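Pasted below: protein_32.csv, CSV, N, CA and C atoms.
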chain,number,residue,atom,x,y,z
H,1,MET,N,0.9,-1.2,0.0
H,1,MET,CA,0.0,0.0,0.0
H,1,MET,C,0.9,1.2,0.0
H,2,SER,N,0.5,2.2,-0.8
H,2,SER,CA,1.4,3.4,-0.9
H,2,SER,C,1.2,4.2,0.4
H,3,ASP,N,2.1,5.1,0.7
H,3,ASP,CA,2.1,6.0,1.9
H,3,ASP,C,0.8,6.8,1.9
H,4,THR,N,0.4,7.3,0.7
H,4,THR,CA,-0.7,8.2,0.6
H,4,THR,C,-2.0,7.4,0.9
H,5,SER,N,-2.1,6.2,0.4
H,5,SER,CA,-3.3,5.4,0.6
H,5,SER,C,-3.3,5.0,2.1
H,6,ARG,N,-2.2,4.7,2.7
H,6,ARG,CA,-2.1,4.3,4.1
H,6,ARG,C,-2.6,5.4,5.0
H,7,ILE,N,-2.1,6.6,4.7
H,7,ILE,CA,-2.5,7.8,5.5
H,7,ILE,C,-4.0,8.0,5.4
H,8,LYS,N,-4.5,7.9,4.2
H,8,LYS,CA,-6.0,8.1,4.1
H,8,LYS,C,-6.8,7.1,4.8
H,9,ARG,N,-6.3,5.8,4.8
H,9,ARG,CA,-6.9,4.8,5.5
H,9,ARG,C,-6.8,5.0,7.1
H,10,LEU,N,-5.7,5.4,7.5
H,10,LEU,CA,-5.5,5.7,9.0
H,10,LEU,C,-6.4,6.8,9.4
H,11,LYS,N,-6.5,7.9,8.6
H,11,LYS,CA,-7.4,9.0,8.9
H,11,LYS,C,-8.9,8.6,9.0
H,12,PHE,N,-9.3,7.8,8.0
H,12,PHE,CA,-10.7,7.3,8.1
H,12,PHE,C,-10.9,6.5,9.3
H,13,ARG,N,-10.0,5.6,9.6
H,13,ARG,CA,-10.2,4.7,10.8
H,13,ARG,C,-10.1,5.5,12.1
H,14,ALA,N,-9.3,6.6,12.1
H,14,ALA,CA,-9.2,7.4,13.3
H,14,ALA,C,-10.5,8.2,13.6
H,15,TRP,N,-11.2,8.6,12.5
H,15,TRP,CA,-12.3,9.5,12.6
H,15,TRP,C,-13.7,8.7,12.6
H,16,HIS,N,-13.6,7.4,12.4
H,16,HIS,CA,-14.9,6.6,12.3
H,16,HIS,C,-14.8,5.5,13.3
H,17,ARG,N,-14.8,5.9,14.6
H,17,ARG,CA,-14.6,4.9,15.7
H,17,ARG,C,-15.9,4.4,16.2
H,18,GLY,N,-17.0,5.1,16.1
H,18,GLY,CA,-18.3,4.7,16.5
H,18,GLY,C,-18.9,5.5,17.6
H,19,THR,N,-18.1,6.3,18.3
H,19,THR,CA,-18.6,7.3,19.3
H,19,THR,C,-17.9,8.6,19.0
H,20,ARG,N,-18.7,9.7,19.3
H,20,ARG,CA,-18.1,11.0,19.0
H,20,ARG,C,-16.9,11.3,19.9
H,21,GLU,N,-16.9,10.8,21.1
H,21,GLU,CA,-15.8,11.1,22.0
H,21,GLU,C,-14.5,10.4,21.5
H,22,ALA,N,-14.6,9.2,21.0
H,22,ALA,CA,-13.5,8.5,20.5
H,22,ALA,C,-13.0,9.1,19.2
H,23,ASP,N,-14.0,9.5,18.4
H,23,ASP,CA,-13.6,10.2,17.1
H,23,ASP,C,-12.8,11.4,17.4
H,24,TYR,N,-13.2,12.3,18.3
H,24,TYR,CA,-12.5,13.5,18.6
H,24,TYR,C,-11.1,13.2,19.2
H,25,MET,N,-11.1,12.2,20.1
H,25,MET,CA,-9.8,12.0,20.8
H,25,MET,C,-8.8,11.4,19.8
H,26,ILE,N,-9.2,10.4,19.1
H,26,ILE,CA,-8.3,9.6,18.2
H,26,ILE,C,-8.1,10.4,16.9
H,27,GLY,N,-9.2,10.9,16.3
H,27,GLY,CA,-9.1,11.6,15.1
H,27,GLY,C,-8.3,12.9,15.2
H,28,CYS,N,-8.5,13.7,16.2
H,28,CYS,CA,-7.8,14.9,16.4
H,28,CYS,C,-6.3,14.6,16.6
H,29,PHE,N,-6.0,13.5,17.4
H,29,PHE,CA,-4.6,13.2,17.5
H,29,PHE,C,-3.9,12.9,16.2
H,30,PHE,N,-4.6,12.1,15.3
H,30,PHE,CA,-4.1,11.9,14.0
H,30,PHE,C,-3.9,13.2,13.2
H,31,ASP,N,-4.9,14.0,13.2
H,31,ASP,CA,-4.8,15.3,12.4
H,31,ASP,C,-3.6,16.1,12.8
H,32,VAL,N,-3.4,16.2,14.1
H,32,VAL,CA,-2.4,17.1,14.6
H,32,VAL,C,-1.0,16.5,14.5
H,33,HIS,N,-0.8,15.2,14.6
H,33,HIS,CA,0.5,14.6,14.7
H,33,HIS,C,1.0,13.8,13.5
H,34,HIS,N,0.1,13.3,12.6
H,34,HIS,CA,0.5,12.3,11.6
H,34,HIS,C,1.5,12.8,10.6
H,35,ALA,N,1.6,14.1,10.3
H,35,ALA,CA,2.5,14.6,9.3
H,35,ALA,C,3.9,14.3,9.6
H,36,GLY,N,4.3,14.3,10.9
H,36,GLY,CA,5.7,14.1,11.3
H,36,GLY,C,6.0,12.7,11.6
H,37,TRP,N,5.1,11.7,11.5
H,37,TRP,CA,5.4,10.4,11.9
H,37,TRP,C,6.3,9.6,10.9
H,38,SER,N,7.2,8.8,11.6
H,38,SER,CA,8.0,7.9,10.8
H,38,SER,C,7.1,6.6,10.5
H,39,ALA,N,7.7,5.7,9.7
H,39,ALA,CA,7.0,4.5,9.4
H,39,ALA,C,6.7,3.7,10.7
H,40,ALA,N,7.6,3.7,11.7
H,40,ALA,CA,7.4,3.0,12.9
H,40,ALA,C,6.3,3.7,13.7
H,41,GLU,N,6.2,5.0,13.7
H,41,GLU,CA,5.1,5.7,14.4
H,41,GLU,C,3.8,5.4,13.7
H,42,ARG,N,3.7,5.3,12.4
H,42,ARG,CA,2.5,5.0,11.7
H,42,ARG,C,2.1,3.6,12.1
H,43,ASP,N,3.1,2.6,12.2
H,43,ASP,CA,2.8,1.3,12.6
H,43,ASP,C,2.2,1.3,14.0
H,44,TRP,N,2.7,2.1,14.9
H,44,TRP,CA,2.2,2.1,16.3
H,44,TRP,C,0.8,2.6,16.3
H,45,PHE,N,0.5,3.7,15.5
H,45,PHE,CA,-0.9,4.2,15.5
H,45,PHE,C,-1.8,3.2,14.9
H,46,GLU,N,-1.4,2.5,13.8
H,46,GLU,CA,-2.3,1.5,13.2
H,46,GLU,C,-2.6,0.4,14.1
H,47,ALA,N,-1.6,-0.1,14.9
H,47,ALA,CA,-1.9,-1.1,15.9
H,47,ALA,C,-2.8,-0.6,17.0
H,48,LEU,N,-2.7,0.7,17.4
H,48,LEU,CA,-3.6,1.3,18.4
H,48,LEU,C,-5.0,1.3,17.9
H,49,LEU,N,-5.2,1.5,16.6
H,49,LEU,CA,-6.6,1.6,16.1
H,49,LEU,C,-7.3,0.2,16.1
H,50,ASP,N,-6.5,-0.9,16.3
H,50,ASP,CA,-7.1,-2.2,16.5
H,50,ASP,C,-7.6,-2.4,17.9
H,51,GLU,N,-7.3,-1.6,18.8
H,51,GLU,CA,-7.8,-1.7,20.2
H,51,GLU,C,-9.2,-1.2,20.4
H,52,GLU,N,-9.8,-1.5,21.5
H,52,GLU,CA,-11.1,-1.1,21.8
H,52,GLU,C,-11.1,0.4,22.2
H,53,ASP,N,-12.1,1.2,21.8
H,53,ASP,CA,-12.1,2.6,22.1
H,53,ASP,C,-12.1,2.9,23.6
H,54,VAL,N,-12.9,2.1,24.3
H,54,VAL,CA,-12.9,2.3,25.8
H,54,VAL,C,-11.6,2.2,26.4
H,55,GLU,N,-10.8,1.2,25.9
H,55,GLU,CA,-9.4,1.0,26.5
H,55,GLU,C,-8.5,2.2,26.0
H,56,ILE,N,-8.6,2.6,24.8
H,56,ILE,CA,-7.7,3.7,24.3
H,56,ILE,C,-8.0,4.9,25.1
H,57,MET,N,-9.3,5.2,25.3
H,57,MET,CA,-9.7,6.4,26.0
H,57,MET,C,-9.3,6.3,27.5
H,58,ALA,N,-9.4,5.1,28.1
H,58,ALA,CA,-8.9,4.9,29.5
H,58,ALA,C,-7.4,5.1,29.6
H,59,TRP,N,-6.6,4.7,28.7
H,59,TRP,CA,-5.2,4.9,28.7
H,59,TRP,C,-4.9,6.4,28.6
H,60,ALA,N,-5.6,7.1,27.7
H,60,ALA,CA,-5.4,8.5,27.6
H,60,ALA,C,-5.7,9.3,28.8
H,61,LEU,N,-6.8,8.9,29.5
H,61,LEU,CA,-7.3,9.6,30.7
H,61,LEU,C,-6.6,9.1,32.0
H,62,GLY,N,-5.8,8.1,31.9
H,62,GLY,CA,-5.1,7.6,33.0
H,62,GLY,C,-5.9,6.7,34.0
H,63,THR,N,-7.0,6.2,33.5
H,63,THR,CA,-7.8,5.3,34.4
H,63,THR,C,-7.5,3.9,34.2
H,64,MET,N,-6.7,3.5,33.2
H,64,MET,CA,-6.1,2.2,33.1
H,64,MET,C,-4.7,2.3,32.7
H,65,ASP,N,-3.9,1.3,33.2
H,65,ASP,CA,-2.5,1.3,32.8
H,65,ASP,C,-2.3,1.0,31.3
H,66,VAL,N,-1.4,1.7,30.7
H,66,VAL,CA,-1.1,1.6,29.3
H,66,VAL,C,-0.3,0.3,29.1
H,67,PRO,N,-0.7,-0.6,28.2
H,67,PRO,CA,0.1,-1.8,27.9
H,67,PRO,C,1.5,-1.4,27.5
H,68,GLU,N,2.5,-2.3,27.8
H,68,GLU,CA,3.9,-2.0,27.5
H,68,GLU,C,4.1,-1.6,26.0
H,69,LYS,N,3.4,-2.3,25.1
H,69,LYS,CA,3.7,-2.1,23.7
H,69,LYS,C,3.2,-0.7,23.2
H,70,TYR,N,2.4,0.0,24.0
H,70,TYR,CA,1.9,1.3,23.6
H,70,TYR,C,2.6,2.4,24.4
H,71,GLN,N,3.4,2.0,25.4
H,71,GLN,CA,4.1,3.0,26.2
H,71,GLN,C,5.2,3.7,25.3
H,72,GLY,N,5.5,5.0,25.6
H,72,GLY,CA,6.5,5.7,24.9
H,72,GLY,C,6.1,7.1,24.6
H,73,ALA,N,6.8,7.7,23.7
H,73,ALA,CA,6.6,9.2,23.4
H,73,ALA,C,5.3,9.4,22.7
H,74,GLN,N,4.8,8.5,21.8
H,74,GLN,CA,3.5,8.8,21.2
H,74,GLN,C,2.4,8.7,22.2
H,75,MET,N,2.4,7.7,23.1
H,75,MET,CA,1.4,7.6,24.1
H,75,MET,C,1.5,8.8,25.0
H,76,ASP,N,2.7,9.3,25.4
H,76,ASP,CA,2.8,10.5,26.2
H,76,ASP,C,2.1,11.7,25.5
H,77,ALA,N,2.3,11.8,24.2
H,77,ALA,CA,1.7,12.9,23.5
H,77,ALA,C,0.2,12.7,23.5
H,78,PHE,N,-0.3,11.5,23.3
H,78,PHE,CA,-1.7,11.2,23.3
H,78,PHE,C,-2.4,11.5,24.6
H,79,LYS,N,-1.7,11.2,25.7
H,79,LYS,CA,-2.2,11.4,27.0
H,79,LYS,C,-2.3,12.9,27.4
H,80,LYS,N,-1.7,13.8,26.7
H,80,LYS,CA,-1.8,15.2,27.0
H,80,LYS,C,-3.2,15.8,26.6
H,81,LEU,N,-3.8,15.2,25.6
H,81,LEU,CA,-5.1,15.6,25.2
H,81,LEU,C,-5.2,17.1,24.8
H,82,ASP,N,-4.1,17.7,24.6
H,82,ASP,CA,-4.1,19.1,24.2
H,82,ASP,C,-4.4,19.4,22.8
H,83,PHE,N,-4.6,18.3,22.0
H,83,PHE,CA,-4.8,18.3,20.6
H,83,PHE,C,-6.3,18.3,20.3
H,84,VAL,N,-7.1,18.0,21.2
H,84,VAL,CA,-8.6,17.8,21.0
H,84,VAL,C,-9.2,19.2,20.8
H,85,LYS,N,-9.8,19.4,19.7
H,85,LYS,CA,-10.5,20.7,19.4
H,85,LYS,C,-11.9,20.3,19.0
H,86,ILE,N,-12.9,20.6,19.8
H,86,ILE,CA,-14.3,20.2,19.5
H,86,ILE,C,-15.0,21.4,18.9
H,87,PRO,N,-15.4,21.2,17.6
H,87,PRO,CA,-16.1,22.3,17.0
H,87,PRO,C,-17.5,22.6,17.7
H,88,ARG,N,-17.8,23.8,17.7
H,88,ARG,CA,-19.0,24.3,18.4
H,88,ARG,C,-20.0,24.9,17.4

Could you quickly redo this structure as structure tokens?
Amino acid sequence: MSDTSRIKRLKFRAWHRGTREADYMIGCFFDVHHAGWSAAERDWFEALLDEEDVEIMAWALGTMDVPEKYQGAQMDAFKKLDFVKIPR
């Protein structure tokens, strides 16, 4: 799959999670950060998208421990939640 196709697929999956809260949290993270991601960081995000929304949101909010495979700089950025912009 080309990088362009993969980015489009990741964006769609990030913004179509099933709940508005997850869409904003995961979709906004993608929108703000994806342009600077390496291939490994895209792999991390793609794997994250396979997880359940309630778990992803709990990791971001600190109500559940983050599994070791998701710990690191990207999860630290995700946990800041300063990227979420909710349109009014």

Quiz item: Looking only at the backbone, which of the residues in chain H does DSSP tag as helix (DSSP H, G or I), as a ChimeraX atom specification?
Solution: /H:3-15,20-36,39-49,53-61,68-70,73-80

With a distance cut-off of 10 Å and only C-alpha atoms, select the neighbouring residues of H:Asp53, excluding the residue or stretch itself and same-chain residues fewer than 6 positions from it, and output the selection as an mmCIF file with N, CA and C atoms, in the coordinates of the input.
data_model
loop_
_atom_site.group_PDB
_atom_site.id
_atom_site.type_symbol
_atom_site.label_atom_id
_atom_site.label_comp_id
_atom_site.auth_asym_id
_atom_site.auth_seq_id
_atom_site.Cartn_x
_atom_site.Cartn_y
_atom_site.Cartn_z
ATOM 1 N N ARG H 17 -14.800 5.900 14.600
ATOM 2 C CA ARG H 17 -14.600 4.900 15.700
ATOM 3 C C ARG H 17 -15.900 4.400 16.200
ATOM 4 N N GLY H 18 -17.000 5.100 16.100
ATOM 5 C CA GLY H 18 -18.300 4.700 16.500
ATOM 6 C C GLY H 18 -18.900 5.500 17.600
ATOM 7 N N THR H 19 -18.100 6.300 18.300
ATOM 8 C CA THR H 19 -18.600 7.300 19.300
ATOM 9 C C THR H 19 -17.900 8.600 19.000
ATOM 10 N N GLU H 21 -16.900 10.800 21.100
ATOM 11 C CA GLU H 21 -15.800 11.100 22.000
ATOM 12 C C GLU H 21 -14.500 10.400 21.500
ATOM 13 N N ALA H 22 -14.600 9.200 21.000
ATOM 14 C CA ALA H 22 -13.500 8.500 20.500
ATOM 15 C C ALA H 22 -13.000 9.100 19.200
ATOM 16 N N ASP H 23 -14.000 9.500 18.400
ATOM 17 C CA ASP H 23 -13.600 10.200 17.100
ATOM 18 C C ASP H 23 -12.800 11.400 17.400
ATOM 19 N N MET H 25 -11.100 12.200 20.100
ATOM 20 C CA MET H 25 -9.800 12.000 20.800
ATOM 21 C C MET H 25 -8.800 11.400 19.800
ATOM 22 N N ILE H 26 -9.200 10.400 19.100
ATOM 23 C CA ILE H 26 -8.300 9.600 18.200
ATOM 24 C C ILE H 26 -8.100 10.400 16.900
ATOM 25 N N TRP H 59 -6.600 4.700 28.700
ATOM 26 C CA TRP H 59 -5.200 4.900 28.700
ATOM 27 C C TRP H 59 -4.900 6.400 28.600
#

Self-check item: Two-atom distance - atom CA of H:Gly72, atom CA of H:Trp44 (Å)
Solution: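 Atom CA of H:Trp44 lies at a distance of 10.3 Å from atom CA of H:Gly72.
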
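Taking atom N of H:Phe30 and atom CA of H:Glu68 as the two end points, the separation is 20.5 Å.
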
Quiz item: Quick one: residues within 7 Å of H:Phe83, all atoms listed in the file counted, chain neighbours fewer than 5 positions away excluded, as a list of chain:residue names?
Solution: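 So, after excluding close chain neighbours, the residues are H:Cys28, H:Phe29, H:Val32.
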
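Separating atom C of H:Glu51 from atom C of H:Ser38 is a distance of 20.6 Å.
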
Quiz item: Pick from H:Asp50, H:Tyr24, H:Glu55, H:Gln71: nearest to H:Lys85, with only N, CA and C atoms counted?
Solution: H:Tyr24

Exercise. Counting all atoms listed in the file, figure out which residue out of H:Ala14, H:Gln74, H:Arg88, H:Met57 gets nearest to H:Glu41.
Key: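 Nearest to H:Glu41: H:Gln74.
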
Quiz prompt | From H:Lys79, H:His33, H:Arg20, H:Arg42, residue lying nearest H:Thr63 [only C-alpha atoms] | solution = H:Lys79

Exercise. Would you mind telling me which residue in H:Asp82, H:Arg13, H:Asp3, H:Pro87 lies nearest to H:Leu49 when using all atoms listed in the file?
Key: H:Arg13

Would you save stretch 59-80 of chain H from the block above with N, CA and C atoms, as a PDB file, in the first residue's frame?
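Dumped everything to result.pdb:
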ATOM      1  N   TRP H  59      -6.648   4.695  28.653  1.00  0.00           N
ATOM      2  CA  TRP H  59      -5.202   4.908  28.693  1.00  0.00           C
ATOM      3  C   TRP H  59      -4.896   6.393  28.626  1.00  0.00           C
ATOM      4  N   ALA H  60      -5.603   7.099  27.742  1.00  0.00           N
ATOM      5  CA  ALA H  60      -5.369   8.538  27.586  1.00  0.00           C
ATOM      6  C   ALA H  60      -5.747   9.304  28.845  1.00  0.00           C
ATOM      7  N   LEU H  61      -6.810   8.884  29.488  1.00  0.00           N
ATOM      8  CA  LEU H  61      -7.289   9.577  30.681  1.00  0.00           C
ATOM      9  C   LEU H  61      -6.596   9.118  31.960  1.00  0.00           C
ATOM     10  N   GLY H  62      -5.817   8.058  31.869  1.00  0.00           N
ATOM     11  CA  GLY H  62      -5.074   7.565  33.024  1.00  0.00           C
ATOM     12  C   GLY H  62      -5.890   6.702  33.969  1.00  0.00           C
ATOM     13  N   THR H  63      -7.031   6.197  33.510  1.00  0.00           N
ATOM     14  CA  THR H  63      -7.847   5.344  34.370  1.00  0.00           C
ATOM     15  C   THR H  63      -7.495   3.869  34.231  1.00  0.00           C
ATOM     16  N   MET H  64      -6.670   3.547  33.249  1.00  0.00           N
ATOM     17  CA  MET H  64      -6.130   2.191  33.065  1.00  0.00           C
ATOM     18  C   MET H  64      -4.656   2.318  32.733  1.00  0.00           C
ATOM     19  N   ASP H  65      -3.889   1.321  33.151  1.00  0.00           N
ATOM     20  CA  ASP H  65      -2.473   1.290  32.795  1.00  0.00           C
ATOM     21  C   ASP H  65      -2.317   1.035  31.297  1.00  0.00           C
ATOM     22  N   VAL H  66      -1.364   1.716  30.707  1.00  0.00           N
ATOM     23  CA  VAL H  66      -1.074   1.553  29.287  1.00  0.00           C
ATOM     24  C   VAL H  66      -0.255   0.279  29.103  1.00  0.00           C
ATOM     25  N   PRO H  67      -0.678  -0.615  28.192  1.00  0.00           N
ATOM     26  CA  PRO H  67       0.127  -1.813  27.927  1.00  0.00           C
ATOM     27  C   PRO H  67       1.534  -1.425  27.464  1.00  0.00           C
ATOM     28  N   GLU H  68       2.484  -2.250  27.769  1.00  0.00           N
ATOM     29  CA  GLU H  68       3.884  -1.960  27.465  1.00  0.00           C
ATOM     30  C   GLU H  68       4.106  -1.640  25.990  1.00  0.00           C
ATOM     31  N   LYS H  69       3.406  -2.344  25.095  1.00  0.00           N
ATOM     32  CA  LYS H  69       3.653  -2.124  23.661  1.00  0.00           C
ATOM     33  C   LYS H  69       3.202  -0.747  23.176  1.00  0.00           C
ATOM     34  N   TYR H  70       2.391  -0.042  23.963  1.00  0.00           N
ATOM     35  CA  TYR H  70       1.946   1.302  23.585  1.00  0.00           C
ATOM     36  C   TYR H  70       2.618   2.409  24.390  1.00  0.00           C
ATOM     37  N   GLN H  71       3.446   2.043  25.351  1.00  0.00           N
ATOM     38  CA  GLN H  71       4.131   3.048  26.154  1.00  0.00           C
ATOM     39  C   GLN H  71       5.218   3.732  25.323  1.00  0.00           C
ATOM     40  N   GLY H  72       5.458   4.998  25.621  1.00  0.00           N
ATOM     41  CA  GLY H  72       6.505   5.726  24.924  1.00  0.00           C
ATOM     42  C   GLY H  72       6.067   7.131  24.572  1.00  0.00           C
ATOM     43  N   ALA H  73       6.849   7.745  23.702  1.00  0.00           N
ATOM     44  CA  ALA H  73       6.637   9.157  23.369  1.00  0.00           C
ATOM     45  C   ALA H  73       5.284   9.418  22.718  1.00  0.00           C
ATOM     46  N   GLN H  74       4.831   8.522  21.841  1.00  0.00           N
ATOM     47  CA  GLN H  74       3.535   8.756  21.198  1.00  0.00           C
ATOM     48  C   GLN H  74       2.399   8.678  22.199  1.00  0.00           C
ATOM     49  N   MET H  75       2.442   7.726  23.094  1.00  0.00           N
ATOM     50  CA  MET H  75       1.379   7.642  24.107  1.00  0.00           C
ATOM     51  C   MET H  75       1.462   8.836  25.044  1.00  0.00           C
ATOM     52  N   ASP H  76       2.669   9.282  25.358  1.00  0.00           N
ATOM     53  CA  ASP H  76       2.809  10.479  26.195  1.00  0.00           C
ATOM     54  C   ASP H  76       2.135  11.676  25.526  1.00  0.00           C
ATOM     55  N   ALA H  77       2.323  11.825  24.220  1.00  0.00           N
ATOM     56  CA  ALA H  77       1.681  12.913  23.479  1.00  0.00           C
ATOM     57  C   ALA H  77       0.173  12.720  23.453  1.00  0.00           C
ATOM     58  N   PHE H  78      -0.268  11.486  23.296  1.00  0.00           N
ATOM     59  CA  PHE H  78      -1.696  11.178  23.268  1.00  0.00           C
ATOM     60  C   PHE H  78      -2.353  11.513  24.604  1.00  0.00           C
ATOM     61  N   LYS H  79      -1.668  11.215  25.690  1.00  0.00           N
ATOM     62  CA  LYS H  79      -2.220  11.438  27.034  1.00  0.00           C
ATOM     63  C   LYS H  79      -2.339  12.923  27.393  1.00  0.00           C
ATOM     64  N   LYS H  80      -1.660  13.787  26.674  1.00  0.00           N
ATOM     65  CA  LYS H  80      -1.768  15.225  26.959  1.00  0.00           C
ATOM     66  C   LYS H  80      -3.152  15.763  26.624  1.00  0.00           C
TER      67      LYS H  80
END
